[in-house]
Amino acid sequence: MATVWNNVSSVCLSNLNSNRIRTRPPAFTPISVSFTRRRLTIRAAETDANEAVKSQAPDKAPAASGSNVNQLLGIKGAAQETNKWKIRLQLTKPVTWPPLVWGVVCGAAASGNFHWNLEDVAKSIVCMMMSGPFLTGYTQTLNDWYDREIDAINEPYRPIPSGAISESEVITQIWLLLLGGLGLAGLLDIWARHDFPTVFYLAVGGSLLSYIYSAPPLKLKQNGWVGNFALGASYISLPWWAGQALFGTLTPDIIVLTLLYSIAGLGIAIVNDFKSVEGDRAMGLQSLPVAFGAETAKWICVGAIDITQISIAGYLLGVGKPYYALALLALIIPQVVFQFQYFLKDPVKYDVKYQASAQPFLVLGLLVTALATSH
């Protein structure tokens, strides 16, 4: 359903294997070769293979002291890992799950029908599992699959381009996460006694959006405007809609409001584009930093984030919610401070610091807006 903040009907295999170095044990024709000579021959072959691997090792490979925590969260600076389950988790990028979980919270709050009882809490947890680990995990794994050629340029040490996980294992993971997420969506509709399976269709729509975002021929991410808005909507609108539909009624005004808020999500998505300029340019992707240059793109980014929130505050003021509007404006101020302190100075060097500092205030603003619409 994501996709975020940091998404399969068909997945085509590519020439990924051509990037891997495979060493085979040498064949010895003479049967009557001495043990000593054979041992020396094997060592020589291993040395040649090692040199071949070393000569093609990527310059951007992470240090040996990479973080195990970063590896599990699926962010840069990760340690190299051989455990397949840890690699599978890395592909789902757990660091991208919280915004989706928070979106469900906002939707539940906006419904006005969430109650702190065991059943409603259990429903919300299942909805969070659907939105986060399953459908966001599907989105991220799918995106990494279709980005394997770009990652071979930008981050060649990532699990797929490095060969740490096989093609069949990646495809299996994509399908299991997708089907698991859709299954949970159907379960939620039955649990909520919906006459129309709203949550299921939202999950199907979000999964389709994730697919066309990453996969050819549409590959929405090739266009910086369309792709980043789709990403923003996946992280803000879709989980909010799911949470609100689960506990109440999804109304047209909420759909419009959350889609407007997704413009801020577009700005957040641009933050992640700066580190991929080299690969995006090589693959012909028109991300905004590629299309407009880094200097212009970073102002588009902060403008989308700030102007959207100010507009939402104006809307809340206009519908008679002045205290909520003031609370939202108060949450915008620290975001602007961190933009000047970190992001506008160097969007590549300080991207993680900026997002860790500013985004908590943005997501709190989402909850303020949700509470305002529920009263």
# chains A, B, ... in the order shown; residues from 1 in each chain; ligands from 1
>>> closest_atom_pairs(of="stretch 172-226 of chain A", to="stretch 275-287 of chain A", cutoff="9 Å", atoms="only C-alpha atoms", output="JSON lines")
{"residue": "A:Lys221", "atom": "CA", "partner": "A:Leu285", "partner_atom": "CA", "distance": 7.4}
{"residue": "A:Gln222", "atom": "CA", "partner": "A:Leu285", "partner_atom": "CA", "distance": 4.5}
{"residue": "A:Asn223", "atom": "CA", "partner": "A:Gln286", "partner_atom": "CA", "distance": 5.2}
{"residue": "A:Gly224", "atom": "CA", "partner": "A:Ser287", "partner_atom": "CA", "distance": 4.1}
{"residue": "A:Trp225", "atom": "CA", "partner": "A:Ser287", "partner_atom": "CA", "distance": 7.8}
>>> atom_distance(atom1="atom CA of A:Ala304", atom2="atom CA of A:Ile236")
14.3 Å
>>> residues_around(residues="A:Ile212", least_positions_apart="5", cutoff="10 Å", atoms="only C-alpha atoms", output="list of chain:residue names")
A:Asn7, A:Val8, A:Ser207, A:Pro217, A:Leu218, A:Lys219, A:Leu220, A:Lys221, A:Gly227, A:Ala230
>>> atom_distance(atom1="atom CA of A:Ala215", atom2="atom CA of A:Thr139")
10.9 Å
>>> residues_around(residues="stretch 194-201 of chain A", least_positions_apart="2", cutoff="8 Å", atoms="only C-alpha atoms", output="compact mmCIF listing (two decimals) with N, CA, C and O atoms, in the first residue's frame")
# COMPACT_ATOMS: atom_id res chain seq x y z
N LEU A 182 -3.53 -8.81 1.24
CA LEU A 182 -4.90 -8.85 0.71
C LEU A 182 -5.79 -9.75 1.57
O LEU A 182 -6.97 -9.45 1.78
N ALA A 185 -6.80 -7.83 4.57
CA ALA A 185 -7.80 -6.82 4.20
C ALA A 185 -9.19 -7.44 4.13
O ALA A 185 -10.18 -6.87 4.63
N GLY A 186 -9.28 -8.61 3.49
CA GLY A 186 -10.57 -9.30 3.42
C GLY A 186 -11.09 -9.68 4.80
O GLY A 186 -12.29 -9.56 5.08
N LEU A 188 -10.51 -8.10 7.59
CA LEU A 188 -10.98 -6.90 8.27
C LEU A 188 -12.38 -6.51 7.82
O LEU A 188 -13.20 -6.05 8.63
N ASP A 189 -12.67 -6.65 6.53
CA ASP A 189 -14.02 -6.34 6.05
C ASP A 189 -15.06 -7.26 6.68
O ASP A 189 -16.15 -6.81 7.06
N ILE A 190 -14.71 -8.54 6.79
CA ILE A 190 -15.64 -9.49 7.43
C ILE A 190 -15.81 -9.13 8.90
O ILE A 190 -16.93 -9.13 9.45
N TRP A 191 -14.71 -8.82 9.57
CA TRP A 191 -14.73 -8.48 10.99
C TRP A 191 -15.57 -7.24 11.26
O TRP A 191 -16.31 -7.15 12.23
N ALA A 192 -15.46 -6.24 10.34
CA ALA A 192 -16.20 -4.99 10.51
C ALA A 192 -17.63 -5.10 9.98
O ALA A 192 -18.39 -4.12 10.03
N ALA A 203 -6.90 -2.04 -0.43
CA ALA A 203 -5.64 -2.80 -0.48
C ALA A 203 -5.29 -3.19 -1.91
O ALA A 203 -4.12 -3.11 -2.32
N VAL A 204 -6.29 -3.60 -2.68
CA VAL A 204 -6.04 -3.94 -4.09
C VAL A 204 -5.57 -2.72 -4.86
O VAL A 204 -4.60 -2.76 -5.63
N GLY A 205 -6.25 -1.58 -4.65
CA GLY A 205 -5.86 -0.34 -5.33
C GLY A 205 -4.46 0.10 -4.96
O GLY A 205 -3.67 0.52 -5.82
N ALA A 242 -7.97 3.44 4.99
CA ALA A 242 -8.21 2.10 5.53
C ALA A 242 -8.65 2.16 6.99
O ALA A 242 -9.61 1.48 7.39
N ALA A 245 -12.21 3.75 7.11
CA ALA A 245 -13.23 2.82 6.58
C ALA A 245 -13.47 1.66 7.53
O ALA A 245 -14.59 1.14 7.62
N LEU A 246 -12.44 1.26 8.27
CA LEU A 246 -12.58 0.13 9.19
C LEU A 246 -13.49 0.46 10.36
O LEU A 246 -14.29 -0.37 10.80
>>> closest_residue(among="A:Leu178, A:Leu317, A:Val170, A:Ile305", to="A:Met130", atoms="only C-alpha atoms")
A:Leu178
>>> residues_around(residues="A:Cys301", least_positions_apart="3", cutoff="9 Å", atoms="only C-alpha atoms", output="PDB file with C-alpha atoms, in the first residue's frame")
ATOM      1  CA  ALA A 264       3.415  17.114   1.551  1.00  0.00           C
ATOM      2  CA  LEU A 266       5.430  14.348  -2.446  1.00  0.00           C
ATOM      3  CA  GLY A 267       7.895  16.724  -0.804  1.00  0.00           C
ATOM      4  CA  ILE A 268       9.053  14.045   1.623  1.00  0.00           C
ATOM      5  CA  ALA A 269       9.557  11.622  -1.277  1.00  0.00           C
ATOM      6  CA  ILE A 270      11.802  14.154  -3.041  1.00  0.00           C
ATOM      7  CA  VAL A 271      14.161  14.043  -0.038  1.00  0.00           C
ATOM      8  CA  THR A 296      15.850  24.119  -7.355  1.00  0.00           C
ATOM      9  CA  ALA A 297      14.609  20.673  -6.304  1.00  0.00           C
ATOM     10  CA  LYS A 298      15.351  21.212  -2.633  1.00  0.00           C
ATOM     11  CA  ALA A 304       5.527  21.245  -1.061  1.00  0.00           C
ATOM     12  CA  ILE A 305       5.838  20.244   2.588  1.00  0.00           C
ATOM     13  CA  ASP A 306       5.314  23.669   4.165  1.00  0.00           C
TER      14      ASP A 306
END
>>> closest_residue(among="A:Leu187, A:Ala233, A:Leu238, A:Ala291", to="A:Tyr261", atoms="only C-alpha atoms")
A:Ala233
>>> residues_around(residues="A:Leu91", least_positions_apart="3", cutoff="7 Å", atoms="only C-alpha atoms", output="list in words")
Gly74, Ile87, Arg88, Gln140 and Thr141 of chain A
>>> atom_distance(atom1="atom CA of A:Ala79", atom2="atom CA of A:Asp273")
22.6 Å
>>> closest_residue(among="A:Val302, A:Met128, A:Leu316, A:Ile153", to="A:Val368", atoms="only C-alpha atoms")
A:Leu316
